[in-house]
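S.K.: Take a look at final-v7.cif, mmCIF, C-alpha atoms and all ligand atoms:
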```cif
data_query
#
loop_
_atom_site.label_atom_id
_atom_site.label_comp_id
_atom_site.auth_asym_id
_atom_site.auth_seq_id
_atom_site.Cartn_x
_atom_site.Cartn_y
_atom_site.Cartn_z
CA MET A 93 3.24 -17.48 53.02
CA ASP A 94 0.80 -19.79 54.80
CA LYS A 95 0.12 -23.36 53.77
CA ARG A 96 -3.36 -22.74 52.39
CA ARG A 97 -2.18 -20.03 50.04
CA LEU A 98 0.73 -22.17 48.91
CA THR A 99 -1.58 -25.12 48.21
CA SER A 100 -4.02 -23.02 46.19
CA LEU A 101 -1.13 -21.48 44.23
CA LEU A 102 0.22 -24.95 43.43
CA VAL A 103 -3.24 -26.16 42.36
CA MET A 104 -3.65 -23.09 40.12
CA ALA A 105 -0.21 -23.61 38.58
CA PHE A 106 -1.05 -27.27 37.94
CA LEU A 107 -4.39 -26.39 36.32
CA ALA A 108 -2.75 -23.77 34.13
CA VAL A 109 -0.27 -26.31 32.82
CA ALA A 110 -2.66 -29.28 32.58
CA GLY A 111 -5.49 -27.21 31.08
CA ALA A 112 -3.42 -25.81 28.21
CA THR A 113 -4.41 -27.34 24.91
CA ARG A 114 -1.87 -27.88 22.18
CA ALA A 115 -0.82 -24.50 20.86
CA PHE A 116 -1.58 -24.19 17.16
CA ALA A 117 0.62 -22.00 15.05
CA HIS A 118 2.63 -19.48 16.99
CA GLY A 119 0.83 -16.25 17.40
CA GLU A 120 0.71 -14.99 13.84
CA ALA A 121 -2.70 -13.48 14.62
CA GLY A 122 -1.23 -11.47 17.48
CA ASP A 123 -0.05 -8.47 15.47
CA GLU A 124 -2.38 -5.51 15.06
CA PRO A 125 -4.39 -5.66 11.80
CA PHE A 126 -2.70 -2.54 10.38
CA LEU A 127 0.70 -4.21 10.79
CA LYS A 128 -0.44 -6.96 8.44
CA ASN A 129 -2.60 -5.40 5.79
CA MET A 130 -1.00 -1.94 5.40
CA THR A 131 2.65 -3.01 5.34
CA SER A 132 3.00 -5.98 3.05
CA ALA A 133 1.27 -8.64 1.01
CA PHE A 134 2.51 -12.20 0.66
CA TYR A 135 1.44 -14.26 -2.34
CA ASP A 136 2.24 -17.39 -4.36
CA VAL A 137 3.77 -18.89 -1.21
CA SER A 138 4.63 -22.56 -1.19
CA VAL A 139 6.14 -24.69 1.56
CA SER A 140 7.08 -28.17 0.39
CA PRO A 141 7.31 -31.04 0.99
CA ALA A 142 5.00 -31.41 3.98
CA GLU A 143 7.03 -34.29 5.37
CA VAL A 144 10.81 -34.80 5.49
CA GLN A 145 13.38 -36.71 7.50
CA VAL A 146 15.94 -35.03 9.71
CA GLY A 147 18.64 -33.52 7.48
CA GLN A 148 16.44 -33.27 4.40
CA PRO A 149 15.45 -29.97 2.76
CA VAL A 150 12.17 -28.08 2.83
CA THR A 151 11.78 -25.36 0.22
CA VAL A 152 9.90 -22.15 0.97
CA THR A 153 9.15 -19.96 -2.05
CA GLY A 154 6.89 -17.01 -2.69
CA LYS A 155 6.68 -13.29 -3.19
CA VAL A 156 6.12 -10.36 -0.91
CA LYS A 157 5.38 -6.79 -1.85
CA ILE A 158 6.16 -3.95 0.52
CA LEU A 159 3.06 -1.87 0.00
CA GLU A 160 3.04 1.79 -0.99
CA THR A 161 0.52 2.19 1.86
CA TRP A 162 3.22 1.52 4.50
CA PRO A 163 1.85 3.26 7.64
CA TYR A 164 3.36 6.66 8.36
CA THR A 165 3.51 5.71 12.05
CA LEU A 166 6.22 3.16 11.29
CA GLN A 167 9.81 3.85 10.35
CA GLU A 168 10.31 3.79 6.56
CA PRO A 169 11.47 0.37 5.39
CA GLY A 170 15.12 0.54 4.38
CA MET A 171 16.73 -2.70 5.41
CA ALA A 172 14.99 -6.05 5.49
CA ALA A 173 15.55 -9.79 5.43
CA ILE A 174 13.41 -12.72 4.40
CA VAL A 175 13.48 -15.16 7.29
CA PRO A 176 11.95 -18.51 8.13
CA VAL A 177 9.50 -18.11 11.03
CA VAL A 178 9.54 -21.41 12.91
CA PRO A 179 9.23 -22.33 16.60
CA GLY A 180 12.90 -22.20 17.67
CA PRO A 181 15.99 -23.65 15.97
CA VAL A 182 14.18 -26.68 14.57
CA PHE A 183 15.39 -26.02 11.03
CA ALA A 184 18.69 -24.70 9.68
CA LEU A 185 18.64 -22.13 6.88
CA GLN A 186 20.93 -23.48 4.18
CA ASN A 187 20.25 -21.21 1.25
CA ARG A 188 18.33 -18.07 0.44
CA THR A 189 17.79 -16.03 -2.71
CA ILE A 190 15.97 -12.71 -3.15
CA ASN A 191 14.89 -11.97 -6.74
CA GLY A 192 17.27 -14.67 -7.87
CA GLN A 193 20.31 -13.23 -6.07
CA SER A 194 21.96 -15.14 -3.25
CA SER A 195 21.26 -13.36 0.03
CA VAL A 196 23.38 -14.36 3.00
CA GLY A 197 22.28 -11.40 5.11
CA SER A 198 19.82 -8.55 4.74
CA PHE A 199 18.90 -6.60 1.64
CA PHE A 200 18.11 -2.97 0.88
CA ALA A 201 14.34 -2.80 0.66
CA GLU A 202 11.97 -0.06 -0.43
CA LYS A 203 8.31 0.76 -0.44
CA GLY A 204 6.61 -0.67 -3.51
CA GLY A 205 9.33 -3.28 -3.96
CA ILE A 206 8.41 -6.83 -4.90
CA TYR A 207 10.68 -9.52 -3.49
CA GLU A 208 10.58 -13.05 -4.77
CA PHE A 209 12.22 -15.38 -2.30
CA LYS A 210 13.43 -18.92 -2.08
CA MET A 211 14.72 -20.50 1.13
CA THR A 212 16.06 -23.98 1.66
CA LEU A 213 15.66 -25.22 5.22
CA LEU A 214 17.13 -28.44 6.57
CA GLY A 215 15.07 -30.38 9.09
CA LYS A 216 16.98 -30.41 12.38
CA GLU A 217 14.61 -31.44 15.18
CA PRO A 218 11.93 -34.15 14.74
CA GLY A 219 8.39 -32.86 15.23
CA ASN A 220 5.45 -31.17 13.60
CA TRP A 221 6.31 -27.55 12.89
CA HIS A 222 4.46 -24.56 11.47
CA VAL A 223 6.70 -22.97 8.85
CA HIS A 224 6.15 -19.41 7.60
CA PRO A 225 8.20 -17.04 5.50
CA GLY A 226 8.61 -13.70 7.26
CA LEU A 227 9.77 -10.25 6.25
CA ALA A 228 11.95 -8.83 9.01
CA VAL A 229 12.08 -5.06 8.56
CA LYS A 230 14.57 -2.98 10.52
CA GLY A 231 12.72 -0.69 12.92
CA THR A 232 9.41 -2.50 12.53
CA GLY A 233 9.86 -6.18 13.31
CA THR A 234 8.97 -9.38 11.53
CA LEU A 235 5.88 -9.41 9.34
CA VAL A 236 4.68 -12.98 9.09
CA GLY A 237 3.50 -14.62 5.88
CA PRO A 238 1.24 -17.64 5.48
CA GLY A 239 2.38 -20.86 7.14
CA ALA A 240 2.10 -24.56 6.52
CA TRP A 241 2.66 -27.60 8.73
CA VAL A 242 5.81 -29.62 8.10
CA THR A 243 6.51 -32.93 9.79
CA VAL A 244 10.15 -33.73 10.41
CA GLN A 245 10.55 -37.48 10.93
CA PRO A 246 13.37 -38.83 13.08
CA GLY A 247 15.79 -41.27 11.48
CA GLY A 248 17.94 -39.15 9.19
CA THR A 249 21.17 -37.50 10.21
CA PHE A 250 21.72 -33.77 10.23
CA ALA A 251 24.91 -32.37 8.73
CA PHE A 252 25.86 -28.94 7.44
CA PRO A 253 29.05 -29.31 5.34
CA LEU A 254 30.81 -26.07 4.48
CA THR A 255 34.07 -25.08 2.80
CA LEU A 256 35.93 -22.28 4.53
CA LEU A 257 37.85 -19.54 2.67
CA SER A 258 41.03 -21.45 3.52
CA GLY A 259 39.69 -24.48 1.67
CA GLU A 260 39.18 -26.48 4.84
CA LYS A 261 35.99 -28.55 4.84
CA ILE A 262 33.98 -28.53 8.07
CA ASP A 263 30.61 -29.63 9.40
CA LEU A 264 29.08 -26.43 10.77
CA ASN A 265 26.81 -28.44 13.05
CA THR A 266 29.69 -29.80 15.13
CA TYR A 267 32.60 -27.48 14.26
CA GLY A 268 34.50 -26.43 17.37
CA GLY A 269 31.66 -27.74 19.52
CA SER A 270 33.57 -29.80 22.06
CA PHE A 271 36.24 -27.11 22.57
CA VAL A 272 33.59 -24.46 23.24
CA TRP A 273 31.86 -26.83 25.65
CA TRP A 274 34.93 -27.86 27.67
CA TRP A 275 36.47 -24.38 27.75
CA SER A 276 33.19 -22.87 29.03
CA PHE A 277 32.91 -25.73 31.52
CA LEU A 278 36.37 -24.91 32.88
CA GLY A 279 35.33 -21.32 33.57
CA PHE A 280 32.09 -22.55 35.08
CA LEU A 281 34.06 -24.89 37.37
CA LEU A 282 36.11 -21.97 38.74
CA GLY A 283 32.90 -20.11 39.52
CA VAL A 284 31.31 -23.11 41.21
CA VAL A 285 34.37 -23.63 43.44
CA TRP A 286 34.20 -19.95 44.46
CA MET A 287 30.45 -20.16 45.15
CA PHE A 288 30.61 -23.38 47.22
CA TYR A 289 33.62 -22.07 49.14
CA TRP A 290 31.63 -19.08 50.41
CA THR A 291 28.27 -20.76 50.87
CA LEU A 292 29.06 -24.29 52.11
CA VAL A 293 32.28 -23.83 54.07
CA LYS A 294 32.08 -20.23 55.26
CA ARG A 295 29.29 -18.59 57.23
CA THR A 296 29.11 -15.40 55.14
CA VAL A 297 25.87 -16.07 53.35
CA THR A 298 24.31 -18.77 55.51
CA ASN A 299 24.70 -16.77 58.69
CA LEU A 300 23.33 -13.46 57.51
CA ALA A 301 22.32 -12.52 61.06
CA VAL A 302 26.00 -12.49 62.03
CA THR A 303 27.39 -10.80 58.92
CA LEU A 304 24.76 -8.07 59.10
CA GLN A 305 26.14 -6.98 62.47
CA LEU A 306 29.52 -6.15 60.93
CA SER A 307 30.56 -3.02 59.08
CA PRO A 308 31.07 -3.53 55.31
CA ASN A 309 34.88 -3.53 55.44
CA ASP A 310 35.28 -5.72 58.51
CA ASP A 311 36.72 -9.15 57.67
CA ALA A 312 36.11 -10.24 61.27
CA PRO A 313 38.94 -12.79 61.34
CA ASP A 314 38.49 -13.00 65.16
CA ILE A 315 35.18 -14.86 64.69
CA GLY A 316 36.55 -16.77 61.70
CA LEU A 317 34.48 -15.00 59.05
CA ILE A 318 37.17 -14.12 56.48
CA THR A 319 40.62 -15.28 57.46
CA PRO A 320 44.00 -14.63 55.81
CA ARG A 321 43.78 -18.23 54.53
CA ASP A 322 40.56 -17.34 52.69
CA HIS A 323 42.37 -14.41 51.08
CA MET A 324 45.09 -16.78 49.95
CA TRP A 325 42.61 -19.22 48.31
CA MET A 326 40.74 -16.39 46.62
CA ASN A 327 44.03 -15.10 45.19
CA VAL A 328 44.67 -18.61 43.84
CA LEU A 329 41.21 -18.63 42.15
CA ALA A 330 41.76 -15.15 40.69
CA GLY A 331 45.21 -16.26 39.48
CA LEU A 332 43.71 -19.34 37.81
CA ALA A 333 41.15 -17.14 36.04
CA ILE A 334 43.92 -14.89 34.70
CA VAL A 335 45.95 -17.94 33.62
CA MET A 336 42.88 -19.24 31.75
CA LEU A 337 42.50 -15.93 29.92
CA VAL A 338 46.18 -15.77 28.92
CA VAL A 339 46.17 -19.41 27.80
CA GLY A 340 42.98 -18.74 25.80
CA TRP A 341 44.39 -15.67 24.03
CA THR A 342 47.69 -17.40 23.26
CA TYR A 343 45.98 -20.54 21.98
CA ALA A 344 43.57 -18.55 19.75
CA THR A 345 46.42 -16.47 18.27
CA ARG A 346 48.69 -19.44 17.56
CA ARG A 347 46.02 -21.90 16.38
CA TYR A 348 44.09 -19.42 14.22
CA PRO A 349 46.59 -16.91 12.82
CA VAL A 350 44.14 -15.78 10.13
CA ARG A 351 41.17 -14.11 11.79
CA TRP A 352 38.61 -11.93 10.12
CA VAL A 353 35.84 -9.92 11.71
CA GLN A 354 32.39 -11.26 11.13
CA GLN A 355 31.15 -10.10 7.77
CA THR A 356 27.94 -8.32 6.92
CA ASP A 357 26.76 -9.15 3.44
CA TRP A 358 24.01 -6.80 2.32
CA ILE A 359 22.63 -6.83 -1.21
CA SER A 360 20.47 -4.64 -3.43
CA PRO A 361 18.39 -7.27 -5.20
CA PRO A 362 17.51 -6.67 -8.86
CA SER A 363 14.10 -5.02 -9.00
CA LEU A 364 11.11 -7.04 -10.06
CA ALA A 365 8.25 -5.43 -11.97
CA SER A 366 4.70 -6.36 -11.11
CA GLY A 367 4.02 -7.05 -14.78
CA GLU A 368 2.36 -5.16 -17.58
CA LYS A 369 0.20 -2.34 -16.24
CA MET A 370 -3.34 -3.52 -16.90
CA ALA A 371 -5.66 -1.52 -14.73
CA GLU A 372 -6.26 1.53 -12.63
CA VAL A 373 -8.21 0.89 -9.45
CA ASN A 374 -9.91 3.36 -7.17
CA ALA A 375 -11.34 1.85 -4.04
CA SER A 376 -14.25 3.93 -2.81
CA GLY A 377 -15.05 2.26 0.49
CA ALA A 378 -15.48 -0.97 2.37
CA THR A 379 -17.71 -2.43 5.03
CA TYR A 380 -17.01 -5.19 7.49
CA ASP A 381 -19.53 -7.35 9.25
CA ASP A 382 -17.77 -8.72 12.28
CA ALA A 383 -20.54 -11.22 13.06
CA THR A 384 -20.30 -13.03 9.72
CA ASP A 385 -16.65 -12.19 8.84
CA THR A 386 -17.70 -10.47 5.65
CA LEU A 387 -15.61 -7.77 4.01
CA ILE A 388 -17.16 -5.92 1.08
CA ILE A 389 -14.97 -3.61 -0.99
CA LYS A 390 -16.27 -1.23 -3.65
CA ALA A 391 -13.85 -0.28 -6.39
CA ARG A 392 -13.87 1.42 -9.76
CA VAL A 393 -11.64 -0.39 -12.22
CA LYS A 394 -10.40 0.96 -15.54
CA ASN A 395 -9.02 -1.53 -18.02
CA LEU A 396 -5.94 0.03 -19.67
CA LEU A 397 -5.44 -2.75 -22.20
CA THR A 398 -6.83 -3.44 -25.63
CA SER A 399 -8.01 -6.85 -24.48
CA GLU A 400 -10.24 -8.00 -21.64
CA ILE A 401 -9.03 -8.57 -18.08
CA SER A 402 -10.52 -10.14 -14.98
CA VAL A 403 -9.92 -10.09 -11.24
CA LYS A 404 -8.04 -13.23 -10.26
CA GLN A 405 -7.17 -12.67 -6.59
CA PHE A 406 -7.32 -10.22 -3.75
CA ILE A 407 -4.28 -10.41 -1.46
CA LEU A 408 -4.64 -9.10 2.06
CA GLY A 409 -1.57 -9.31 4.30
CA MET A 410 -0.71 -12.99 4.63
CA ALA A 411 -3.96 -14.21 3.06
CA THR A 412 -4.99 -14.73 -0.56
CA PHE A 413 -8.61 -14.71 -1.67
CA VAL A 414 -9.18 -16.37 -5.01
CA ASN A 415 -11.87 -15.63 -7.57
CA GLY A 416 -12.29 -19.31 -8.36
CA GLY A 417 -13.08 -22.76 -7.08
CA GLU A 418 -11.32 -25.29 -4.89
CA GLN A 419 -8.66 -26.13 -7.50
CA ASP A 420 -7.55 -22.53 -7.96
CA GLN A 421 -7.52 -22.01 -4.20
CA ALA A 422 -5.34 -25.07 -3.56
CA LYS A 423 -2.72 -23.62 -5.94
CA ALA A 424 -2.74 -20.15 -4.37
CA GLY A 425 -0.77 -20.91 -1.20
CA PRO A 426 -0.82 -22.65 2.20
CA ARG A 427 -4.44 -23.81 2.46
CA ASP A 428 -5.21 -22.27 5.88
CA PHE A 429 -4.51 -18.82 4.47
CA VAL A 430 -6.46 -19.08 1.23
CA GLY A 431 -10.13 -18.18 0.84
CA GLN A 432 -12.54 -17.06 -1.81
CA VAL A 433 -13.50 -13.66 -3.16
CA ALA A 434 -16.71 -13.12 -5.09
CA VAL A 435 -16.50 -10.46 -7.79
CA ASP A 436 -19.67 -8.75 -8.97
CA PRO A 437 -20.34 -8.41 -11.87
CA LYS A 438 -18.66 -11.69 -12.75
CA THR A 439 -17.94 -11.07 -16.44
CA PRO A 440 -14.45 -9.96 -17.59
CA ILE A 441 -13.83 -6.23 -17.96
CA ALA A 442 -13.73 -5.30 -21.64
CA ALA A 443 -10.89 -3.38 -23.29
CA GLY A 444 -10.89 0.24 -22.19
CA GLU A 445 -13.98 -0.24 -20.01
CA THR A 446 -14.43 1.46 -16.65
CA ARG A 447 -16.54 -0.58 -14.29
CA ASP A 448 -17.72 -0.46 -10.68
CA LEU A 449 -16.89 -3.72 -8.95
CA THR A 450 -17.92 -5.21 -5.63
CA LEU A 451 -15.47 -7.63 -4.02
CA THR A 452 -17.06 -9.77 -1.31
CA ILE A 453 -14.93 -11.86 1.01
CA SER A 454 -16.71 -14.00 3.56
CA SER A 455 -14.09 -15.98 5.42
CA LYS A 456 -13.05 -17.05 8.91
CA ILE A 457 -9.47 -16.13 7.96
CA LEU A 458 -10.37 -12.45 8.34
CA SER A 459 -11.12 -12.80 12.04
CA ASP A 460 -8.85 -15.75 12.86
CA GLU A 461 -5.82 -13.88 11.54
CA ARG A 462 -7.18 -10.45 12.58
CA LEU A 463 -6.73 -8.90 9.16
CA VAL A 464 -9.40 -6.20 9.36
CA PRO A 465 -9.26 -3.49 12.02
CA VAL A 466 -12.57 -3.24 13.86
CA ARG A 467 -11.66 -1.33 16.98
CA ALA A 468 -8.90 0.99 15.81
CA PRO A 469 -8.82 4.77 15.43
CA GLN A 470 -7.79 4.29 11.81
CA GLN A 471 -9.96 1.81 10.02
CA PHE A 472 -8.06 0.99 6.83
CA VAL A 473 -7.54 -2.07 4.73
CA ALA A 474 -4.94 -2.23 2.02
CA GLY A 475 -4.18 -5.06 -0.34
CA LEU A 476 -3.37 -6.15 -3.84
CA VAL A 477 -5.94 -6.71 -6.55
CA ARG A 478 -4.50 -9.20 -8.99
CA PHE A 479 -5.70 -8.94 -12.57
CA GLU A 480 -5.20 -11.49 -15.29
CA ASN A 481 -5.43 -11.00 -19.03
CA ALA A 482 -6.44 -13.56 -21.63
CA ARG A 483 -2.82 -14.58 -22.21
CA GLY A 484 -2.23 -15.47 -18.54
CA GLY A 485 -0.19 -12.35 -17.74
CA ASP A 486 -0.98 -10.60 -14.48
CA ASP A 487 -0.76 -7.24 -12.76
CA LEU A 488 -1.00 -6.40 -9.08
CA VAL A 489 -2.55 -3.11 -8.08
CA THR A 490 -2.34 -1.77 -4.54
CA ILE A 491 -5.54 -0.37 -3.09
CA ARG A 492 -6.37 1.27 0.21
CA THR A 493 -9.74 2.15 1.59
CA SER A 494 -11.39 2.93 4.89
CA VAL A 495 -13.58 0.27 6.45
CA VAL A 496 -16.88 0.92 8.16
CA PRO A 497 -17.99 -1.82 10.52
CA THR A 498 -21.63 -2.77 10.07
CA GLN A 499 -21.90 -5.12 13.01
CA PHE A 500 -19.75 -5.86 16.04
CA ARG A 501 -19.36 -9.27 17.53
CA PRO A 502 -20.08 -9.13 21.26
CA ARG A 503 -16.92 -9.00 23.32
CA TYR A 504 -16.15 -9.96 26.92
CA LEU A 505 -19.70 -11.29 27.47
CA PRO A 506 -20.99 -14.57 26.01
CU CU B 601 2.54 -20.47 12.60
#
```
Can the structure in the file be given as C-alpha cells, please?

M.R.:
Amino acid sequence: MDKRRLTSLLVMAFLAVAGATRAFAHGEAGDEPFLKNMTSAFYDVSVSPAEVQVGQPVTVTGKVKILETWPYTLQEPGMAAIVPVVPGPVFALQNRTINGQSSVGSFFAEKGGIYEFKMTLLGKEPGNWHVHPGLAVKGTGTLVGPGAWVTVQPGGTFAFPLTLLSGEKIDLNTYGGSFVWWWSFLGFLLGVVWMFYWTLVKRTVTNLAVTLQLSPNDDAPDIGLITPRDHMWMNVLAGLAIVMLVVGWTYATRRYPVRWVQQTDWISPPSLASGEKMAEVNASGATYDDATDTLIIKARVKNLLTSEISVKQFILGMATFVNGGEQDQAKAGPRDFVGQVAVDPKTPIAAGETRDLTLTISSKILSDERLVPVRAPQQFVAGLVRFENARGGDDLVTIRTSVVPTQFRPRYLP
C-alpha cells in the first residue's frame, strides 16, 4: 500500500472516530417494525430510582403480553426469559420474579400469556446507562421494552453475597477469582514461551524465504532450522502442559469432592388474566402518514358490561399511548416511550353500546422507534387497547389491522 493511500485511510479512520456523536440508547429502533408490534406489548413499566451508587439496587417492574398476533414467520414462542437489556455487564441481576414466582432461569411461555415481571439489578459500573426490560424468546431473539436512563454514581462498593448449598457464604463477585486468573496465566505463560522460542530465537517464521524452500517434513538440522535440542525443549513444554492438566484435575477432585452439573431451572409461571372481559373490538383499518408521524386506527367497539367503559391506553410494542394529559402519561412508563392517543368520540361507551371509534396517534415515537411498517410487504399493526370501567378495573384487548400509508417521507434525498 502506498503512503498516500495509507494517509487517507488514517484520516478517514480518525474522522470516523472523532465525528461520532454520543450514542443514545442502544439500537432499540433497529428491529423491524413487525418484530415489535406483532409479537409483544410492554406496559406499566417502571425503572427506578434514576440514580444509585455502585452496589445499590435498581428495580425494573412491568408487564408484557405475548400477543395472539405472533407472526407466523417466526417460531412459536415456547421458552422465554425476562432479561435486563443494558450496555454490557454494568449491572448484576440479583433477583427476578415472573407473575410473582422466583425465576432463576427461563420460563415456559405461550401466545396470549401475560407476564408480570420484577427484576432487581445492582449497579456495578459507574456511568449513565439506558436500562430496558427485554423478553428473550427462544428462536426469535430479544424483544426490547421501553427504557429509562439510570445514573450509577461511583463511591459505593459492589458485593454479591451468596450462600451455597453446603452452607458456605461467598461473595460471587470475587469467588475463585484469583485462582482462575493465576491458573489461566500459567497456561498462557507456557504458550508465550513456545511462541517466543519459535519466533525470536529460531528462524522458522522470520525467515519464511528459507523455510519455504524445504519440504514439509524436513527439519533441516544441517542449516540449524529444527535441531534435536529444539525437539528436547518442545518435549519439556509438552510435558509441563500435561503436568498442569494432571495437577488441575487432581486439585479439583480433592478440593471440591462435591460437584454438581450446572442446573437449569425452568418454571411455568402462574397464569395472569387480563381482567374482566369488558369489550369486543374489531379493527377495520388504519392509515399512517409518514410525514407527520400520524397513525389513525378505526375500530368498532362493543361494550359487554352493564356499566360504561372508556379507552384508557393504546399499547404498541414498547410504547404506550395514553388517552389523557401529562399527569397520566408520566405514570404510564418511561417518559421517552409514552405518548398520547386521541379517541373520537371522547365520551365513555355506554353499557351494551356498539360504537365506531377513531384512535389518532400523532407522535415522534412511531418513527423514532420504527413501530409502524411503511415499506414492508405486510403492512400490519397490532397492539392492545386498554379499557377502563368506572370502578378502575381494566381489560386489554388485542387488535390487528392492516395499515395503508397516506404519505411517504422522502428517503435517500434531502
Ligand atoms: Cu436503550

S.K.: Skip segment 206-209 of chain A itself and residues of its chain fewer than 2 positions away, then list as JSON, numbers by chain all residues within 10 Å of it, counting all atoms listed in the file.

M.R.: {"A": [132, 133, 134, 135, 136, 137, 152, 153, 154, 155, 156, 157, 158, 159, 174, 175, 188, 189, 190, 191, 192, 193, 194, 195, 201, 202, 203, 204, 211, 225, 227, 361, 362, 363, 364, 365, 366]}

S.K.: Limited to C-alpha atoms, could you put the picked residues into a file as a tab-separated table (two decimals), keeping the file's coordinate frame?

M.R.:
```
chain	number	residue	atom	x	y	z
A	132	SER	CA	3.00	-5.98	3.05
A	133	ALA	CA	1.27	-8.64	1.01
A	134	PHE	CA	2.51	-12.20	0.66
A	135	TYR	CA	1.44	-14.26	-2.34
A	136	ASP	CA	2.24	-17.39	-4.36
A	137	VAL	CA	3.77	-18.89	-1.21
A	152	VAL	CA	9.90	-22.15	0.97
A	153	THR	CA	9.15	-19.96	-2.05
A	154	GLY	CA	6.89	-17.01	-2.69
A	155	LYS	CA	6.68	-13.29	-3.19
A	156	VAL	CA	6.12	-10.36	-0.91
A	157	LYS	CA	5.38	-6.79	-1.85
A	158	ILE	CA	6.16	-3.95	0.52
A	159	LEU	CA	3.06	-1.87	0.00
A	174	ILE	CA	13.41	-12.72	4.40
A	175	VAL	CA	13.48	-15.16	7.29
A	188	ARG	CA	18.33	-18.07	0.44
A	189	THR	CA	17.79	-16.03	-2.71
A	190	ILE	CA	15.97	-12.71	-3.15
A	191	ASN	CA	14.89	-11.97	-6.74
A	192	GLY	CA	17.27	-14.67	-7.87
A	193	GLN	CA	20.31	-13.23	-6.07
A	194	SER	CA	21.96	-15.14	-3.25
A	195	SER	CA	21.26	-13.36	0.03
A	201	ALA	CA	14.34	-2.80	0.66
A	202	GLU	CA	11.97	-0.06	-0.43
A	203	LYS	CA	8.31	0.76	-0.44
A	204	GLY	CA	6.61	-0.67	-3.51
A	211	MET	CA	14.72	-20.50	1.13
A	225	PRO	CA	8.20	-17.04	5.50
A	227	LEU	CA	9.77	-10.25	6.25
A	361	PRO	CA	18.39	-7.27	-5.20
A	362	PRO	CA	17.51	-6.67	-8.86
A	363	SER	CA	14.10	-5.02	-9.00
A	364	LEU	CA	11.11	-7.04	-10.06
A	365	ALA	CA	8.25	-5.43	-11.97
A	366	SER	CA	4.70	-6.36	-11.11
```

S.K.: Would you mind telling me which residue in A:Glu400, A:Asp311, A:Asp357, A:Glu418 lies nearest to Ala443 of chain A when using all atoms listed in the file?

M.R.: A:Glu400

S.K.: Could you pull out the residues sitting within 10 Å of ligand CU 601 (chain B), using only C-alpha atoms and all ligand atoms, and write them as number ranges by chain?

M.R.: A: 115-121, 177-179, 221-225, 236-241

S.K.: Fewer than 3 positions away in the same chain doesn't count, so skip those; otherwise give me all residues within 12 Å of segment 341-353 of chain A, counting all atoms listed in the file, as a ChimeraX atom specification.

M.R.: /A:256-258,271,275,334-338,356

S.K.: What is the distance between atom CA of Phe280 of chain A and atom CA of Phe252 of chain A, in Å to one decimal?

M.R.: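 A separation of 29.0 Å between them.
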
S.K.: Would you mind listing what lies within 6 Å of Val242 of chain A as a PyMOL selection string, with only C-alpha atoms counted and same-chain residues fewer than 3 positions away left out?

M.R.: chain A and resi 142-143+220-221

S.K.: Rank nothing, just name the residue among A:Thr439, A:Gln432, A:Gly377, A:Lys390 nearest to Val495 of chain A, using all atoms listed in the file.

M.R.: A:Gly377

S.K.: Quick one: distance from atom CA of Thr266 of chain A to atom CA of Val150 of chain A in Å, one decimal?

M.R.: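 So the answer is 21.5 Å.
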
S.K.: Could you state the separation of atom CA of Phe183 of chain A and atom CA of Thr243 of chain A in Å, given to one decimal place?

M.R.: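 It comes out at 11.3 Å.
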
S.K.: In terms of the shortest atom-to-atom distance over only C-alpha atoms, which of A:Leu317, A:Leu278, A:Val103, A:Ala391 is closest to Thr296 of chain A?

M.R.: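 The closest residue to Thr296 of chain A is A:Leu317.
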
S.K.: Within 12 Å of (-12.7, -22.7, 11.2), in the coordinates the file gives, what residues turn up when you count only C-alpha atoms, written out as an mmCIF file with C-alpha atoms, keeping the file's coordinate frame?

M.R.:
```
data_model
loop_
_atom_site.group_PDB
_atom_site.id
_atom_site.type_symbol
_atom_site.label_atom_id
_atom_site.label_comp_id
_atom_site.auth_asym_id
_atom_site.auth_seq_id
_atom_site.Cartn_x
_atom_site.Cartn_y
_atom_site.Cartn_z
ATOM 1 C CA ASP A 385 -16.650 -12.190 8.840
ATOM 2 C CA ASP A 428 -5.210 -22.270 5.880
ATOM 3 C CA PHE A 429 -4.510 -18.820 4.470
ATOM 4 C CA GLY A 431 -10.130 -18.180 0.840
ATOM 5 C CA SER A 455 -14.090 -15.980 5.420
ATOM 6 C CA LYS A 456 -13.050 -17.050 8.910
ATOM 7 C CA ILE A 457 -9.470 -16.130 7.960
ATOM 8 C CA LEU A 458 -10.370 -12.450 8.340
ATOM 9 C CA SER A 459 -11.120 -12.800 12.040
ATOM 10 C CA ASP A 460 -8.850 -15.750 12.860
ATOM 11 C CA GLU A 461 -5.820 -13.880 11.540
#
```

S.K.: Give me the residues within 9 Å of Leu329 of chain A as a PyMOL selection string, counting only C-alpha atoms and dropping any in the same chain fewer than 2 places off.

M.R.: chain A and resi 282-283+285-286+324-327+331-334

S.K.: Considering only C-alpha atoms, can you say which of A:Thr232, A:Ser307, A:Thr99, A:Thr490 comes closest to Tyr164 of chain A?

M.R.: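 The answer is A:Thr232, which sits nearest to Tyr164 of chain A.
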
S.K.: So, counting all atoms listed in the file, which residue among A:Gly259, A:Pro426, A:Gly197, A:Pro497 is closest to Ala172 of chain A?

M.R.: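 Answer, going by the shortest atom-to-atom distance: A:Gly197.
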
S.K.: Under the rule that only C-alpha atoms are counted, which of A:Lys404, A:Glu160, A:Leu214, A:Gly233 is the nearest residue to Pro181 of chain A?

M.R.: A:Leu214

S.K.: Please, which residues in segment 379-468 of chain A fall within 6 Å of segment 473-485 of chain A when counting all atoms listed in the file, and what is the closest atom pair and distance in Å to one decimal for each, ordered by chain then residue number, as CSV?

M.R.:
```
residue,atom,partner,partner_atom,distance
A:Ile401,CA,A:Asn481,CA,4.4
A:Ser402,CA,A:Glu480,CA,5.5
A:Val403,CA,A:Phe479,CA,4.6
A:Lys404,CA,A:Phe479,CA,5.4
A:Gln405,CA,A:Arg478,CA,5.0
A:Phe406,CA,A:Val477,CA,4.7
A:Ile407,CA,A:Leu476,CA,5.0
A:Leu408,CA,A:Gly475,CA,4.7
```
